[in-house]
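Text of work-v2.cif (mmCIF, C-alpha atoms) as supplied:
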data_protein
#
loop_
_atom_site.label_atom_id
_atom_site.label_comp_id
_atom_site.auth_asym_id
_atom_site.auth_seq_id
_atom_site.Cartn_x
_atom_site.Cartn_y
_atom_site.Cartn_z
CA MET B 1 7.90 -5.95 -10.69
CA ASN B 2 7.01 -8.31 -7.87
CA VAL B 3 10.18 -9.22 -6.01
CA LYS B 4 9.86 -12.12 -3.59
CA LYS B 5 11.97 -11.70 -0.48
CA GLN B 6 13.03 -14.52 1.79
CA ARG B 7 10.75 -15.59 4.60
CA VAL B 8 12.12 -15.98 8.11
CA VAL B 9 11.63 -18.86 10.48
CA VAL B 10 10.30 -17.98 13.90
CA VAL B 11 11.51 -20.19 16.75
CA PRO B 12 9.90 -19.53 20.13
CA CYS B 13 11.05 -20.87 23.48
CA SER B 14 9.33 -24.00 24.72
CA GLY B 15 9.25 -22.86 28.36
CA ILE B 16 6.59 -25.40 29.27
CA GLY B 17 5.19 -24.66 32.70
CA LYS B 18 6.36 -21.04 32.73
CA SER B 19 4.27 -17.94 32.03
CA LEU B 20 7.07 -16.26 30.06
CA GLY B 21 7.41 -19.36 27.89
CA THR B 22 3.70 -19.19 27.16
CA VAL B 23 4.09 -15.54 26.18
CA THR B 24 6.83 -16.50 23.68
CA ARG B 25 4.59 -19.06 22.00
CA GLU B 26 1.57 -16.74 21.93
CA ALA B 27 3.71 -13.95 20.44
CA ALA B 28 4.97 -16.35 17.77
CA TYR B 29 1.41 -17.46 16.91
CA GLU B 30 0.26 -13.84 16.70
CA LEU B 31 3.19 -12.95 14.46
CA CYS B 32 2.97 -15.98 12.16
CA ASP B 33 -0.81 -16.39 11.99
CA ASN B 34 -2.05 -12.80 12.07
CA LEU B 35 0.56 -10.08 11.65
CA ARG B 36 3.01 -11.46 9.07
CA PRO B 37 1.80 -14.84 7.75
CA SER B 38 3.38 -14.32 4.31
CA ASP B 39 6.75 -13.37 5.82
CA THR B 40 7.20 -16.06 8.46
CA LEU B 41 7.27 -19.80 9.09
CA LEU B 42 6.89 -21.12 12.62
CA VAL B 43 9.34 -23.84 13.68
CA ALA B 44 8.71 -25.57 16.99
CA LEU B 45 11.78 -25.68 19.23
CA SER B 46 10.94 -29.27 20.13
CA LYS B 47 11.45 -30.31 16.50
CA LEU B 48 14.99 -28.91 16.61
CA VAL B 49 15.63 -30.70 19.91
CA LEU B 50 14.47 -33.97 18.34
CA GLY B 51 16.54 -33.43 15.21
CA ASP B 52 13.60 -33.21 12.81
CA ALA B 53 15.15 -33.01 9.32
CA GLU B 54 12.61 -30.54 7.90
CA ALA B 55 12.90 -28.16 10.86
CA ARG B 56 16.71 -28.33 10.74
CA GLU B 57 16.70 -27.60 7.01
CA ARG B 58 14.41 -24.61 7.51
CA VAL B 59 16.70 -23.02 10.11
CA ARG B 60 19.77 -23.71 7.97
CA THR B 61 18.31 -22.11 4.84
CA SER B 62 16.39 -19.12 6.21
CA PRO B 63 17.19 -16.31 8.61
CA ALA B 64 15.72 -16.97 12.05
CA VAL B 65 13.88 -14.88 14.59
CA THR B 66 14.13 -16.36 18.06
CA ILE B 67 11.91 -15.52 21.01
CA ASP B 68 13.30 -16.64 24.35
CA GLY B 69 11.58 -16.72 27.72
CA CYS B 70 14.63 -16.72 30.00
CA LYS B 71 18.35 -16.01 30.17
CA LYS B 72 19.23 -19.53 29.00
CA MET B 73 18.32 -18.45 25.43
CA CYS B 74 17.49 -22.01 24.35
CA ALA B 75 15.80 -20.98 21.09
CA SER B 76 18.80 -18.94 19.96
CA LYS B 77 21.27 -21.61 21.02
CA LEU B 78 19.40 -24.41 19.25
CA VAL B 79 19.07 -22.46 16.01
CA LYS B 80 22.83 -21.88 16.00
CA HIS B 81 23.53 -25.48 17.03
CA ASN B 82 21.53 -26.66 14.03
CA GLY B 83 23.51 -24.50 11.61
CA GLY B 84 21.09 -21.58 11.47
CA MET B 85 21.69 -17.85 11.53
CA VAL B 86 19.81 -15.80 14.12
CA ALA B 87 18.83 -12.58 12.37
CA LEU B 88 16.78 -11.17 15.24
CA GLU B 89 16.77 -12.25 18.88
CA PHE B 90 14.03 -11.31 21.34
CA ALA B 91 13.62 -11.97 25.05
CA VAL B 92 10.20 -11.77 26.67
CA PHE B 93 11.73 -10.38 29.84
CA ASP B 94 12.98 -7.34 27.91
CA ALA B 95 9.45 -6.68 26.63
CA PHE B 96 8.11 -7.10 30.16
CA ARG B 97 10.65 -4.59 31.50
CA SER B 98 9.28 -2.05 29.03
CA HIS B 99 5.67 -2.89 29.93
CA LYS B 100 5.66 -3.65 33.66
CA ASP B 101 1.90 -3.20 33.77
CA LEU B 102 1.53 -6.32 31.61
CA LYS B 103 2.51 -8.99 34.13
CA PRO B 104 1.85 -12.41 32.63
CA GLU B 105 0.21 -15.06 34.78
CA GLY B 106 -1.04 -18.49 33.89
CA ILE B 107 0.44 -21.31 31.89
CA ALA B 108 -2.20 -23.14 29.89
CA GLU B 109 -4.10 -19.88 29.48
CA LEU B 110 -2.55 -16.47 29.98
CA ASN B 111 -4.31 -13.71 31.86
CA PRO B 112 -5.37 -10.65 29.79
CA GLU B 113 -2.13 -8.83 30.67
CA GLY B 114 -0.05 -11.78 29.46
CA GLN B 115 -2.03 -11.93 26.23
CA GLN B 116 -1.48 -8.20 25.71
CA LEU B 117 2.26 -8.60 26.39
CA ALA B 118 2.38 -11.32 23.70
CA ARG B 119 0.63 -8.98 21.23
CA VAL B 120 2.99 -6.11 22.05
CA LEU B 121 6.01 -8.37 21.54
CA ALA B 122 4.62 -9.75 18.26
CA GLU B 123 4.03 -6.21 16.99
CA GLU B 124 7.59 -5.24 17.94
CA ILE B 125 8.98 -8.23 16.06
CA ALA B 126 6.77 -7.54 13.03
CA GLY B 127 8.07 -3.98 12.96
CA GLN B 128 11.65 -5.19 12.80
CA LEU B 129 11.21 -7.79 10.06
CA ASP B 130 11.66 -5.22 7.29
CA ALA B 131 15.08 -4.38 8.73
CA ILE B 132 16.27 -7.86 7.74
CA GLY B 133 14.69 -7.76 4.29
CA CYS B 134 11.63 -9.84 5.03
CA SER B 135 8.50 -9.12 3.05
CA GLY B 136 7.17 -12.32 1.52
CA THR B 137 4.62 -12.47 -1.27
CA GLU B 138 3.22 -15.98 -0.72
CA GLN B 139 0.42 -17.08 1.57
CA GLY B 140 1.52 -18.71 4.81
CA GLU B 141 2.42 -22.40 4.90
CA PRO B 142 1.54 -24.83 7.65
CA HIS B 143 3.66 -24.66 10.78
CA ALA B 144 6.66 -27.01 10.96
#
Show me, as C-alpha coordinates, the structure contained in the file I just sent.
Amino acid sequence: MNVKKQRVVVVPCSGIGKSLGTVTREAAYELCDNLRPSDTLLVALSKLVLGDAEARERVRTSPAVTIDGCKKMCASKLVKHNGGMVALEFAVFDAFRSHKDLKPEGIAELNPEGQQLARVLAEEIAGQLDAIGCSGTEQGEPHA
(Lines of atoms letter the chains of each structure in order from A and count residues from 1; the text may use other names and numbers.)
(Lines give C-alpha, C1' and ligand atoms only; values in the text may rest on other atoms or scores of the structure.)
Protein backbone atom coordinates (compact mmCIF):
# COMPACT_ATOMS: atom_id res chain seq x y z
CA MET A 1 0.00 0.00 0.00
CA ASN A 2 1.45 3.33 -1.06
CA VAL A 3 0.31 5.97 1.40
CA LYS A 4 0.92 9.56 0.33
CA LYS A 5 1.81 11.85 3.20
CA GLN A 6 1.49 15.60 3.13
CA ARG A 7 4.34 17.68 1.79
CA VAL A 8 5.63 20.63 3.79
CA VAL A 9 6.31 24.13 2.58
CA VAL A 10 9.77 25.47 3.29
CA VAL A 11 9.98 29.22 3.88
CA PRO A 12 13.49 30.63 4.24
CA CYS A 13 14.43 34.09 5.46
CA SER A 14 15.04 36.71 2.81
CA GLY A 15 17.96 38.32 4.66
CA ILE A 16 19.19 40.08 1.54
CA GLY A 17 22.64 41.51 2.12
CA LYS A 18 23.41 39.25 5.08
CA SER A 19 25.54 36.10 5.09
CA LEU A 20 23.17 34.28 7.46
CA GLY A 21 20.25 35.10 5.16
CA THR A 22 22.17 33.60 2.27
CA VAL A 23 22.78 30.47 4.33
CA THR A 24 19.01 30.12 4.93
CA ARG A 25 18.27 30.27 1.23
CA GLU A 26 21.07 27.87 0.31
CA ALA A 27 19.89 25.42 2.99
CA ALA A 28 16.34 25.63 1.61
CA TYR A 29 17.55 24.98 -1.96
CA GLU A 30 19.63 22.01 -0.79
CA LEU A 31 16.68 20.59 1.13
CA CYS A 32 14.05 21.14 -1.57
CA ASP A 33 16.15 20.41 -4.67
CA ASN A 34 18.46 17.64 -3.49
CA LEU A 35 17.66 16.07 -0.12
CA ARG A 36 13.85 15.90 0.00
CA PRO A 37 12.35 17.12 -3.30
CA SER A 38 9.30 14.83 -3.02
CA ASP A 39 8.56 15.97 0.54
CA THR A 40 8.92 19.74 0.23
CA LEU A 41 7.76 22.82 -1.67
CA LEU A 42 9.78 26.01 -1.49
CA VAL A 43 7.82 29.23 -0.89
CA ALA A 44 9.69 32.50 -1.22
CA LEU A 45 9.18 34.81 1.76
CA SER A 46 8.84 37.74 -0.63
CA LYS A 47 5.69 36.17 -2.10
CA LEU A 48 4.11 36.11 1.36
CA VAL A 49 5.15 39.72 1.93
CA LEU A 50 3.50 40.71 -1.35
CA GLY A 51 0.35 38.73 -0.59
CA ASP A 52 0.71 36.26 -3.46
CA ALA A 53 -2.48 34.16 -3.40
CA GLU A 54 -0.81 30.87 -4.34
CA ALA A 55 1.94 31.24 -1.73
CA ARG A 56 -0.60 32.19 0.95
CA GLU A 57 -2.75 29.18 0.08
CA ARG A 58 0.24 26.86 0.29
CA VAL A 59 1.17 28.03 3.80
CA ARG A 60 -2.46 27.82 4.93
CA THR A 61 -2.95 24.25 3.70
CA SER A 62 0.40 22.60 4.48
CA PRO A 63 2.64 22.41 7.53
CA ALA A 64 5.56 24.82 7.23
CA VAL A 65 9.25 24.61 7.97
CA THR A 66 10.77 28.02 8.48
CA ILE A 67 14.46 28.88 8.34
CA ASP A 68 15.33 32.23 9.88
CA GLY A 69 18.60 34.12 9.72
CA CYS A 70 18.19 36.37 12.75
CA LYS A 71 16.25 36.88 15.97
CA LYS A 72 13.48 38.79 14.19
CA MET A 73 12.15 35.43 12.91
CA CYS A 74 10.48 37.02 9.87
CA ALA A 75 9.82 33.71 8.09
CA SER A 76 8.02 32.24 11.10
CA LYS A 77 6.07 35.42 11.75
CA LEU A 78 4.93 35.76 8.14
CA VAL A 79 3.80 32.14 7.91
CA LYS A 80 1.67 32.63 11.02
CA HIS A 81 0.43 36.03 9.81
CA ASN A 82 -0.77 34.37 6.61
CA GLY A 83 -2.73 31.71 8.50
CA GLY A 84 -0.10 28.97 8.34
CA MET A 85 1.10 26.53 10.96
CA VAL A 86 4.83 26.37 11.66
CA ALA A 87 5.62 22.69 12.19
CA LEU A 88 9.39 23.13 12.48
CA GLU A 89 11.34 26.32 13.10
CA PHE A 90 15.08 26.64 12.46
CA ALA A 91 17.51 29.48 13.05
CA VAL A 92 20.82 29.61 11.20
CA PHE A 93 22.51 31.11 14.22
CA ASP A 94 21.71 27.97 16.24
CA ALA A 95 23.36 25.81 13.57
CA PHE A 96 26.35 28.14 13.55
CA ARG A 97 26.67 27.88 17.35
CA SER A 98 26.95 24.11 16.95
CA HIS A 99 29.47 24.44 14.10
CA LYS A 100 31.62 27.46 14.94
CA ASP A 101 34.24 26.31 12.46
CA LEU A 102 31.76 26.98 9.63
CA LYS A 103 31.72 30.78 9.69
CA PRO A 104 29.73 32.03 6.70
CA GLU A 105 31.10 34.94 4.70
CA GLY A 106 29.88 36.46 1.48
CA ILE A 107 26.47 37.47 0.25
CA ALA A 108 26.06 36.79 -3.45
CA GLU A 109 28.32 33.75 -3.10
CA LEU A 110 29.08 32.06 0.18
CA ASN A 111 32.56 30.95 1.13
CA PRO A 112 33.12 27.17 1.40
CA GLU A 113 32.41 27.24 5.16
CA GLY A 114 29.10 29.01 4.57
CA GLN A 115 28.15 26.48 1.91
CA GLN A 116 28.99 23.64 4.29
CA LEU A 117 26.92 25.28 7.06
CA ALA A 118 23.96 25.43 4.65
CA ARG A 119 24.39 21.71 3.86
CA VAL A 120 24.63 20.80 7.54
CA LEU A 121 21.46 22.77 8.29
CA ALA A 122 19.61 21.23 5.34
CA GLU A 123 20.59 17.74 6.52
CA GLU A 124 19.38 18.54 10.04
CA ILE A 125 16.04 19.73 8.69
CA ALA A 126 15.71 16.69 6.41
CA GLY A 127 16.32 14.45 9.41
CA GLN A 128 13.46 16.05 11.30
CA LEU A 129 10.86 15.94 8.53
CA ASP A 130 9.80 12.39 9.39
CA ALA A 131 8.95 13.58 12.90
CA ILE A 132 6.12 15.66 11.43
CA GLY A 133 4.87 12.91 9.13
CA CYS A 134 6.43 14.13 5.92
CA SER A 135 7.39 11.55 3.34
CA GLY A 136 5.90 12.46 -0.02
CA THR A 137 5.60 10.10 -2.96
CA GLU A 138 5.40 12.60 -5.83
CA GLN A 139 8.21 14.23 -7.75
CA GLY A 140 8.99 17.81 -6.76
CA GLU A 141 6.96 20.68 -8.20
CA PRO A 142 8.34 24.02 -9.31
CA HIS A 143 9.14 26.50 -6.57
CA ALA A 144 6.40 28.99 -5.65
Anything within 12 Å of (-0.1, -10.9, 21.8): list those residues as a PyMOL selection string, counting all atoms listed in the file and sticking to the file's coordinates. chain B and resi 22-35+92+95+102+104+110-126
So that I can check the surroundings of B:Leu45, please list as a ChimeraX atom specification every protein, DNA and RNA residue that reaches within 9 Å of it, counting all atoms listed in the file and ignoring chain neighbours fewer than 2 positions away. /B:11-14,43,47-50,55,74-75,78-79
Can I get the selected residues back with C-alpha atoms, as a PDB file, keeping the file's coordinate frame?
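See result_6.pdb below for the written result:
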ATOM      1  CA  VAL B  11      11.510 -20.190  16.750  1.00  0.00           C
ATOM      2  CA  PRO B  12       9.900 -19.530  20.130  1.00  0.00           C
ATOM      3  CA  CYS B  13      11.050 -20.870  23.480  1.00  0.00           C
ATOM      4  CA  SER B  14       9.330 -24.000  24.720  1.00  0.00           C
ATOM      5  CA  VAL B  43       9.340 -23.840  13.680  1.00  0.00           C
ATOM      6  CA  LYS B  47      11.450 -30.310  16.500  1.00  0.00           C
ATOM      7  CA  LEU B  48      14.990 -28.910  16.610  1.00  0.00           C
ATOM      8  CA  VAL B  49      15.630 -30.700  19.910  1.00  0.00           C
ATOM      9  CA  LEU B  50      14.470 -33.970  18.340  1.00  0.00           C
ATOM     10  CA  ALA B  55      12.900 -28.160  10.860  1.00  0.00           C
ATOM     11  CA  CYS B  74      17.490 -22.010  24.350  1.00  0.00           C
ATOM     12  CA  ALA B  75      15.800 -20.980  21.090  1.00  0.00           C
ATOM     13  CA  LEU B  78      19.400 -24.410  19.250  1.00  0.00           C
ATOM     14  CA  VAL B  79      19.070 -22.460  16.010  1.00  0.00           C
TER      15      VAL B  79
END
If the PyMOL selection byres ((chain B and resi 58-73) around 7) is run on the structure shown, which residues does it catch, given as a PyMOL selection string? chain B and resi 7-13+15+20-21+24+54-57+74-77+79+82-93
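Computed from the coordinates, the atom CA of B:Ile132 to atom CA of B:Gln6 distance equals 9.5 Å.
Going from atom CA of B:Arg97 over to atom CA of B:Lys18, you cover 17.0 Å.
The space separating atom CA of B:Glu105 from atom CA of B:Ser46 comes to 23.1 Å.
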